[in-house]
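Shown next, in structure tokens, is the structure this report addresses.
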There are 2 protein chains.
Amino acid sequence: MTIESAIEELAPHFGDRLSRTAAVREQHGHDEAHHAPKPPDAVIWPRSTDEVALVARTCHAHGCPIVPWGTGTSLEGQVIPVQGGISLDFARMDQVLAVHAEDMDVVVQPGIRRKQLNEYLRDTGLFFPIDPGADASLGGMAATRASGTCAVRYGTMREAVLALEVVMADGRVIRTGSRARKSSAGYDLTKLIVGSEGTLGIITELTIRLHGVPEAISAATCAFIGMEDAVNAVIQTIQMGVPVARIELLDALTIRGFNGYSGYDMPEHPTLFLEFHGSESGVAEQAETVGEIARDHGCLGFDWTTNPEERSRLWQARHDVYYAQQSLRKGSRGYVTDACVPISRLAEAILETAEDLATSPLIAPLVGHVGDGNFHLAILIDPTDPVEVAEAERLGTRISERALRLGGTVTGEHGVGLGKRKFMQAEHGDAWAVMGDIKRTLDPRGILNPGKIVPGN
Amino acid sequence: MTIESAIEELAPHFGDRLSRTAAVREQHGHDEAHHAPKPPDAVIWPRSTDEVALVARTCHAHGCPIVPWGTGTSLEGQVIPVQGGISLDFARMDQVLAVHAEDMDVVVQPGIRRKQLNEYLRDTGLFFPIDPGADASLGGMAATRASGTCAVRYGTMREAVLALEVVMADGRVIRTGSRARKSSAGYDLTKLIVGSEGTLGIITELTIRLHGVPEAISAATCAFIGMEDAVNAVIQTIQMGVPVARIELLDALTIRGFNGYSGYDMPEHPTLFLEFHGSESGVAEQAETVGEIARDHGCLGFDWTTNPEERSRLWQARHDVYYAQQSLRKGSRGYVTDACVPISRLAEAILETAEDLATSPLIAPLVGHVGDGNFHLAILIDPTDPVEVAEAERLGTRISERALRLGGTVTGEHGVGLGKRKFMQAEHGDAWAVMGDIKRTLDPRGILNPGKIVPGN
């Protein structure tokens with residue numbers, strides 16, 4: 001019983017929807033980050049839950065690893081089949097199965113991408129607000145417990161996923177949760193699967209909470225002399241309960257890259273990017289309140305706009321910030337960190353990190369979903385230079401350890417995958433062993449995305 | 001190894017904080033509902049996590065059941081020690097351990113009651129919004145995944161609990177989650193424990209999300225000719241994204257009881273009770289929007305008030321509604337149902353239920369957290385009359401089955417306990433077996449609140 005025998009048994013069922021060509025395998029062997037690639041032995045494109053169940057049953061019998069694949073935009077190596085086996089590509093399971101406009105929810109297959117979903121919803125008055133930047137698949141976003149720029153207002157995938165259909169390791173198909181907005185009916189298996197990165201079960205259907213398209217939207221930017229002022233303005237905004245839809249911090253270095261890459265001419269200072277959603281008067285009131293707070297913290301100007309084109313351009317540029325950051329050093333790649341701390345410790349986390357960087361040969365622009373206490377450095381390295389990679393690892397480790405010391409987490413939204421597993425003992429203590437117990441119970445043969453999240457192989 | 005030997009071993013450690021007197025045991029043998037009482041063999045009042053761990057280790061070794069006890073206000077028999085053993089009363093672990101005002105969270109022991117917590121928070125500008133009516137303990141509310149009147153705006157205990165300290169069945173102490181607002185660091189054990197009713201671990205500390213006391217609050221009531229109009233007004237309010245803080249439906253029968261019990265003189269019609277939180281202008285805007293919606297659905301008048309005394313009186317009366325309902329039939333007790341459905345099916349669920357009641361000899365006033373699709377009947381029975389009890393069971397079963405047929409859950413907020421376990425297979429299918437697998441892994445000897453939630457004994 002081997003990987004080979006599992007693929008052999010599955011091949012006749014899938015025809016040309018099972019591929020073993022080098023190009024396809026290579027394409028499914030890496031994600032968007034720096035982790036060492038490793039191709040799967042085969043890629044399968046299932047078209048139905050039954051087909052996924054067949055793959056699971058067969059792989060369970062043969063001891064063949066299965067790694068679910070959405071769009072490959074993960075950043076911690078989640079989709080890399082480190083022990084080989086089958087990459088299960090959900091590109092052909094990307095349909096909207098039902099829109100329940102009155103209940104503001106939608107039932108989708110896991111391969112659908114977030115922009116595709118919002119395009120589909122365009123005439124319903126509803127939208128899916130979770131926006132990690134990448135045009136990721138909903139299945140992948142749920143598996144990673146993704147969030148992004150709108151989480152401060154609309155929550156993360158933890159809040160967005162109401163119900164799931166999941167294929168278990170042995171091929172059983174279960175349904176978790178329901179379309180009811182709340183329930184006290186036993187263990188919350190939905191929330192257990194969300195964030196489990198394909199290690200407990202394979203998501204084959206999701207019921208997702210939607211939100212009404214706001215009547216009015218406005219955006220604003222405001223620059224501050226120092227990081228601390230900017231962060232304190234954010235803290236006060238959150239504490240006053242202003243329901244900002246987005247509140248992002250870009251440091252001076254990022255603004256420099258941003259100006260060059262996206263053709264802006266902003267002062268090179270720490271800058272907040274804000275978005276307000278609500279009624280016409282509500283949005284105006286929010287912007288006014290935040291403007292006052294910003295001025296109290298010495299902001300250098302509060303520019304706001306309700307023009308849709310200007311707004312779109314600004315947020316598109318914000319989404320391109322990773323490329324803008326990389327443009328600061330030609331040929332470099334960003335080694336991305338993901339600390340998230342209680343907001344009261346955010347200034348401290350950022351300022352101590354800046355001290356680390358002051359004595360490092362590397363530069364590392366910062367962008368943060370600061371309303372949630374989450375920030376990312378893109379440590380710009382030559383990925384072929386082992387000294388630079390080691391230095392990035394050293395800085396990243398200090399950032400992760402600092403996040404834990406300040407009562408936070410080593411990963412706000414990118415997940416554990418390969419990159420953060422080494423911090424799990426420090427973050428969770430004995431709770432990490434409990435995660436391992438649950439994993440072994442639900443996947444006794446260890447075929448579901450082995451080598452990720454839990455202790456052991 | 002028996003219950004007796006466990007108690008014998010623990011007795012010297014606890015002195016007079018371990019009681020075996022009949023009165024104390026009787027008091028810990030029932031909750032607030034109709035389920036058959038069964039006293040524990042002993043009650044222990046722990047004072048620390050270490051003491052809880054000692055109880056768990058000892059009971060694990062001896063095979064002695066442990067049932068955590070908060071205030072005994074559960075409604076589905078959760079606290080009843082159906083297999084005897086030890087009731088662990090958290091009354092002496094009721095302290096606030098830390099308030100983090102800047103982060104809007106608080107760390108508490110499980111025995112603290114919600115009113116006590118809000119009293120403690122009074123000068124901080126923050127409050128804990130989850131309000132199930134009863135002055136329950138935070139530990140019990142987390143274990144039951146409680147919610148109540150404010151869930152439509154502030155969420156349930158699912159959203160409120162950021163982190164936990166949990167004593168596992170074998171006495172290991174784990175910490176789940178962190179004070180960071182979001183995390184992608186592995187399995188969400190916090191959400192797994194919330195709602196597990198003491199069957200997976202014993203909560204010994206909670207970190208709870210707080211909210212800012214709103215600048216302005218106003219309340220309103222509006223009556224409708226029919227239930228359907230009232231429900232449709234609610235649906236439209238939710239769909240328009242009006243951030244109502246409370247939106248409760250009381251049927252005509254409940255209003256009759258309410259008038260008599262609390263000294264009001266409202267027209268005996270289905271009536272919405274609303275509360276708005278926000279800025280002065282935001283609250284006014286919300287009330288205006290909802291007023292328009294209500295008029296579009298033929299409401300008979302929209303009375304609103306910002307007077308704090310009037311508001312308090314109204315909501316106190318709302319909290320007393322269970323007694324008001326019981327006052328409709330002298331000497332009766334309410335058999336309380338807890339269906340929760342997608343809001344688009346709420347009118348259907350309520351109207352079909354009304355048809356059931358039209359042919360039943362029993363009367364059953366209704367109150368609903370309708371913004372969440374959740375409603376309760378208090379079926380008024382003479383609890384000593386087996387014919388009436390059986391009829392209430394019959395009606396309750398129809399309501400639960402209907403909730404499932406309409407895509408909902410048999411329990412929106414009261415939990416599974418003893419009363420709803422018979423519906424778990426129908427609600428969860430094979431996912432119920434998965435819950436059982438997790439239970440056996442984390443509590444292999446079955447000592448944690450046995451007989452609840454999962455399949456088996």
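Labels for the structure tokens follow display order: chains A, B, ..., residues from 1 in each chain, ligands from 1.
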*segment 125-286 of chain A: which residues are helix (DSSP H, G or I) by DSSP, as a PyMOL selection string?*
chain A and resi 138-144+151-154+157-160+189-193+227-239+252-262+280-286
Go ahead and save the picked residues with C-alpha atoms, as a compact mmCIF listing (two decimals), in the first residue's frame.
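Full text of selection-v5.txt as output:
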```
# COMPACT_ATOMS: atom_id res chain seq x y z
CA LEU A 138 -13.08 30.50 -0.36
CA GLY A 139 -12.06 26.98 0.62
CA GLY A 140 -8.47 28.09 1.08
CA MET A 141 -9.51 31.19 2.98
CA ALA A 142 -11.61 29.11 5.38
CA ALA A 143 -8.85 26.54 5.80
CA THR A 144 -6.36 29.29 6.68
CA ALA A 151 -11.64 42.29 9.42
CA VAL A 152 -11.78 45.19 11.86
CA ARG A 153 -15.41 45.75 10.84
CA TYR A 154 -16.63 42.45 9.35
CA MET A 157 -13.34 33.69 8.11
CA ARG A 158 -13.97 32.54 11.67
CA GLU A 159 -17.06 34.77 11.74
CA ALA A 160 -17.94 34.40 8.05
CA LEU A 189 -17.11 21.64 14.45
CA THR A 190 -17.39 24.45 11.90
CA LYS A 191 -14.98 26.57 13.89
CA LEU A 192 -12.75 23.54 14.47
CA ILE A 193 -12.39 22.95 10.72
CA MET A 227 4.42 55.48 14.37
CA GLU A 228 3.36 55.86 17.96
CA ASP A 229 1.02 58.74 17.17
CA ALA A 230 -0.54 56.78 14.35
CA VAL A 231 -1.06 53.69 16.51
CA ASN A 232 -2.50 55.72 19.37
CA ALA A 233 -4.98 57.32 16.99
CA VAL A 234 -6.04 53.81 15.95
CA ILE A 235 -6.43 52.67 19.54
CA GLN A 236 -8.66 55.62 20.35
CA THR A 237 -10.75 55.08 17.21
CA ILE A 238 -11.38 51.45 18.12
CA GLN A 239 -12.07 52.28 21.76
CA ALA A 252 7.32 55.64 5.77
CA LEU A 253 9.35 53.07 3.84
CA THR A 254 6.23 51.43 2.46
CA ILE A 255 4.90 54.86 1.43
CA ARG A 256 8.15 55.42 -0.48
CA GLY A 257 7.66 52.15 -2.39
CA PHE A 258 3.96 52.90 -2.80
CA ASN A 259 4.64 56.32 -4.33
CA GLY A 260 7.11 54.87 -6.81
CA TYR A 261 5.16 51.74 -7.70
CA SER A 262 1.62 53.15 -7.83
CA GLU A 280 -24.46 59.09 4.05
CA SER A 281 -24.66 60.83 7.39
CA GLY A 282 -23.12 57.92 9.30
CA VAL A 283 -20.07 57.90 7.05
CA ALA A 284 -19.67 61.65 7.39
CA GLU A 285 -19.95 61.38 11.17
CA GLN A 286 -17.37 58.57 11.30
```
*asked:* What's around segment 333-336 of chain B at 12 Å? Count only C-alpha atoms, leave out sequence neighbours fewer than 3 positions away in its own chain, and write the answer as a PyMOL selection string.
replied: chain B and resi 32-35+74-76+321-330+339+362-368+375-385+388-397+399-400+410-411+413-414+419-420
How about saving the chosen residues, N, CA and C atoms kept, as a short mmCIF file (atom, residue, chain, number, x, y, z; two decimals), in the first residue's frame?
```cif
data_model
loop_
_atom_site.label_atom_id
_atom_site.label_comp_id
_atom_site.auth_asym_id
_atom_site.auth_seq_id
_atom_site.Cartn_x
_atom_site.Cartn_y
_atom_site.Cartn_z
N GLU B 32 -33.18 25.15 36.27
CA GLU B 32 -34.43 25.91 36.30
C GLU B 32 -35.53 25.31 35.43
N ALA B 33 -35.28 24.14 34.87
CA ALA B 33 -36.27 23.56 33.96
C ALA B 33 -36.95 22.34 34.57
N HIS B 34 -37.62 21.60 33.72
CA HIS B 34 -38.52 20.55 34.17
C HIS B 34 -37.85 19.18 34.29
N HIS B 35 -36.55 19.08 34.00
CA HIS B 35 -35.91 17.77 33.97
C HIS B 35 -35.85 17.15 35.37
N SER B 74 -29.28 26.90 34.06
CA SER B 74 -29.43 26.24 32.76
C SER B 74 -30.87 25.74 32.60
N LEU B 75 -31.25 25.50 31.35
CA LEU B 75 -32.65 25.15 31.04
C LEU B 75 -32.79 23.78 30.38
N GLU B 76 -31.68 23.11 30.15
CA GLU B 76 -31.78 21.79 29.52
C GLU B 76 -31.14 20.69 30.37
N VAL B 321 -40.38 38.38 31.56
CA VAL B 321 -41.47 37.92 30.70
C VAL B 321 -41.83 36.46 30.97
N TYR B 322 -40.85 35.67 31.41
CA TYR B 322 -41.13 34.26 31.69
C TYR B 322 -42.14 34.15 32.83
N TYR B 323 -41.95 35.02 33.83
CA TYR B 323 -42.91 35.02 34.95
C TYR B 323 -44.25 35.60 34.49
N ALA B 324 -44.17 36.63 33.64
CA ALA B 324 -45.40 37.22 33.10
C ALA B 324 -46.19 36.17 32.31
N GLN B 325 -45.46 35.36 31.55
CA GLN B 325 -46.13 34.32 30.76
C GLN B 325 -46.78 33.30 31.69
N GLN B 326 -46.04 32.90 32.73
CA GLN B 326 -46.60 31.91 33.66
C GLN B 326 -47.82 32.43 34.40
N SER B 327 -47.87 33.76 34.55
CA SER B 327 -49.01 34.36 35.26
C SER B 327 -50.30 34.22 34.47
N LEU B 328 -50.18 33.87 33.19
CA LEU B 328 -51.37 33.68 32.35
C LEU B 328 -52.16 32.44 32.78
N ARG B 329 -51.48 31.52 33.46
CA ARG B 329 -52.19 30.34 33.95
C ARG B 329 -51.67 30.03 35.36
N LYS B 330 -52.50 30.27 36.32
CA LYS B 330 -52.09 30.18 37.72
C LYS B 330 -51.50 28.79 38.03
N ALA B 339 -36.17 26.99 19.30
CA ALA B 339 -35.83 26.86 17.88
C ALA B 339 -35.14 28.12 17.36
N LEU B 362 -53.24 23.18 25.32
CA LEU B 362 -52.36 24.05 26.10
C LEU B 362 -52.20 25.42 25.46
N ILE B 363 -51.90 26.40 26.27
CA ILE B 363 -51.55 27.71 25.70
C ILE B 363 -50.04 27.91 25.86
N ALA B 364 -49.48 28.71 24.92
CA ALA B 364 -48.03 28.83 24.88
C ALA B 364 -47.63 30.19 24.32
N PRO B 365 -47.50 31.18 25.20
CA PRO B 365 -47.05 32.50 24.74
C PRO B 365 -45.64 32.43 24.16
N LEU B 366 -45.36 33.38 23.25
CA LEU B 366 -44.10 33.37 22.50
C LEU B 366 -43.31 34.64 22.73
N VAL B 367 -41.99 34.47 22.82
CA VAL B 367 -41.09 35.61 22.81
C VAL B 367 -39.89 35.22 21.96
N GLY B 368 -39.37 36.18 21.19
CA GLY B 368 -38.30 35.79 20.28
C GLY B 368 -37.21 36.82 20.15
N PHE B 375 -36.69 31.87 18.58
CA PHE B 375 -37.88 32.18 19.39
C PHE B 375 -38.16 31.07 20.40
N HIS B 376 -38.78 31.49 21.50
CA HIS B 376 -39.12 30.57 22.58
C HIS B 376 -40.62 30.58 22.82
N LEU B 377 -41.19 29.39 22.94
CA LEU B 377 -42.52 29.28 23.53
C LEU B 377 -42.36 28.90 24.99
N ALA B 378 -43.23 29.43 25.82
CA ALA B 378 -43.37 28.87 27.17
C ALA B 378 -44.68 28.11 27.17
N ILE B 379 -44.58 26.80 26.97
CA ILE B 379 -45.81 25.99 26.96
C ILE B 379 -46.23 25.81 28.42
N LEU B 380 -47.39 26.36 28.75
CA LEU B 380 -47.77 26.43 30.16
C LEU B 380 -48.43 25.13 30.60
N ILE B 381 -47.73 24.42 31.46
CA ILE B 381 -48.23 23.12 31.90
C ILE B 381 -48.32 23.06 33.42
N ASP B 382 -49.16 22.12 33.85
CA ASP B 382 -49.11 21.67 35.24
C ASP B 382 -48.07 20.56 35.26
N PRO B 383 -46.90 20.82 35.85
CA PRO B 383 -45.80 19.87 35.71
C PRO B 383 -46.08 18.53 36.39
N THR B 384 -47.13 18.48 37.21
CA THR B 384 -47.45 17.20 37.87
C THR B 384 -48.43 16.37 37.05
N ASP B 385 -48.88 16.92 35.93
CA ASP B 385 -49.86 16.20 35.09
C ASP B 385 -49.15 15.56 33.91
N GLU B 388 -50.28 16.53 30.38
CA GLU B 388 -49.83 17.85 29.91
C GLU B 388 -48.34 17.83 29.57
N VAL B 389 -47.57 17.15 30.40
CA VAL B 389 -46.13 17.05 30.10
C VAL B 389 -45.92 16.38 28.74
N ALA B 390 -46.67 15.31 28.51
CA ALA B 390 -46.54 14.60 27.23
C ALA B 390 -46.95 15.48 26.06
N GLU B 391 -48.00 16.27 26.25
CA GLU B 391 -48.45 17.18 25.19
C GLU B 391 -47.38 18.25 24.92
N ALA B 392 -46.76 18.76 25.99
CA ALA B 392 -45.69 19.75 25.80
C ALA B 392 -44.52 19.12 25.04
N GLU B 393 -44.19 17.88 25.39
CA GLU B 393 -43.12 17.16 24.69
C GLU B 393 -43.46 17.02 23.21
N ARG B 394 -44.71 16.69 22.94
CA ARG B 394 -45.15 16.51 21.55
C ARG B 394 -45.01 17.82 20.78
N LEU B 395 -45.49 18.90 21.37
CA LEU B 395 -45.38 20.21 20.70
C LEU B 395 -43.91 20.59 20.53
N GLY B 396 -43.12 20.38 21.57
CA GLY B 396 -41.70 20.72 21.51
C GLY B 396 -40.97 19.94 20.42
N THR B 397 -41.31 18.68 20.29
CA THR B 397 -40.69 17.86 19.25
C THR B 397 -41.06 18.37 17.87
N ILE B 399 -41.78 21.39 17.08
CA ILE B 399 -41.04 22.66 16.88
C ILE B 399 -39.58 22.38 16.52
N SER B 400 -38.98 21.43 17.20
CA SER B 400 -37.58 21.09 16.91
C SER B 400 -37.45 20.51 15.51
N VAL B 410 -32.14 23.03 16.66
CA VAL B 410 -33.11 22.78 17.73
C VAL B 410 -32.83 23.62 18.97
N THR B 411 -31.63 24.20 19.04
CA THR B 411 -31.33 25.05 20.19
C THR B 411 -30.49 26.26 19.79
N GLU B 413 -29.85 28.81 21.90
CA GLU B 413 -29.04 29.37 22.99
C GLU B 413 -29.15 28.64 24.31
N HIS B 414 -30.05 27.68 24.44
CA HIS B 414 -30.19 26.99 25.72
C HIS B 414 -29.28 25.78 25.85
N GLY B 419 -32.17 17.66 27.49
CA GLY B 419 -33.43 17.86 26.78
C GLY B 419 -33.33 17.76 25.27
N LYS B 420 -32.19 18.16 24.71
CA LYS B 420 -32.10 18.21 23.26
C LYS B 420 -31.22 17.09 22.67
#
```
_Can you work out which residues from chain A touch chain B at a cut-off of 7 Å (counting only C-alpha atoms) and hand them back as a ChimeraX atom specification?_
/A:102-103,144-145,174-176,178-188,191-192,195-196,212,239-241,282,340-344,372,407-409,411-416,428,430-431,435,437-438,441,453
*Hey, what's within 6 Å of Asp31 of chain B if we count only C-alpha atoms and toss same-chain stuff fewer than 6 positions away? As a PyMOL selection string, please?*
chain B and resi 72-74+77
Write to file, as an mmCIF file, in the first residue's frame, the residues of the selection just made, with N, CA and C atoms.
```
data_model
loop_
_atom_site.group_PDB
_atom_site.id
_atom_site.type_symbol
_atom_site.label_atom_id
_atom_site.label_comp_id
_atom_site.auth_asym_id
_atom_site.auth_seq_id
_atom_site.Cartn_x
_atom_site.Cartn_y
_atom_site.Cartn_z
ATOM 1 N N GLY B 72 -26.663 27.474 38.242
ATOM 2 C CA GLY B 72 -27.799 26.559 38.141
ATOM 3 C C GLY B 72 -28.957 27.094 37.334
ATOM 4 N N THR B 73 -28.696 28.089 36.459
ATOM 5 C CA THR B 73 -29.795 28.669 35.675
ATOM 6 C C THR B 73 -29.937 28.031 34.289
ATOM 7 N N SER B 74 -29.277 26.904 34.061
ATOM 8 C CA SER B 74 -29.434 26.241 32.760
ATOM 9 C C SER B 74 -30.868 25.740 32.599
ATOM 10 N N GLY B 77 -31.035 20.948 31.656
ATOM 11 C CA GLY B 77 -30.532 19.912 32.565
ATOM 12 C C GLY B 77 -29.021 19.751 32.562
#
```
*asked:* Using Å and a single decimal, report how far atom CA of Gly148 of chain B sits from atom CA of Val43 of chain B.
replied: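 So the answer is 29.2 Å.
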*Rounded to one decimal in Å, what is the spacing between atom CA of Gly111 of chain A and atom CA of Phe90 of chain A?*
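If I compute the distance from atom CA of Gly111 of chain A to atom CA of Phe90 of chain A, I get 4.7 Å.
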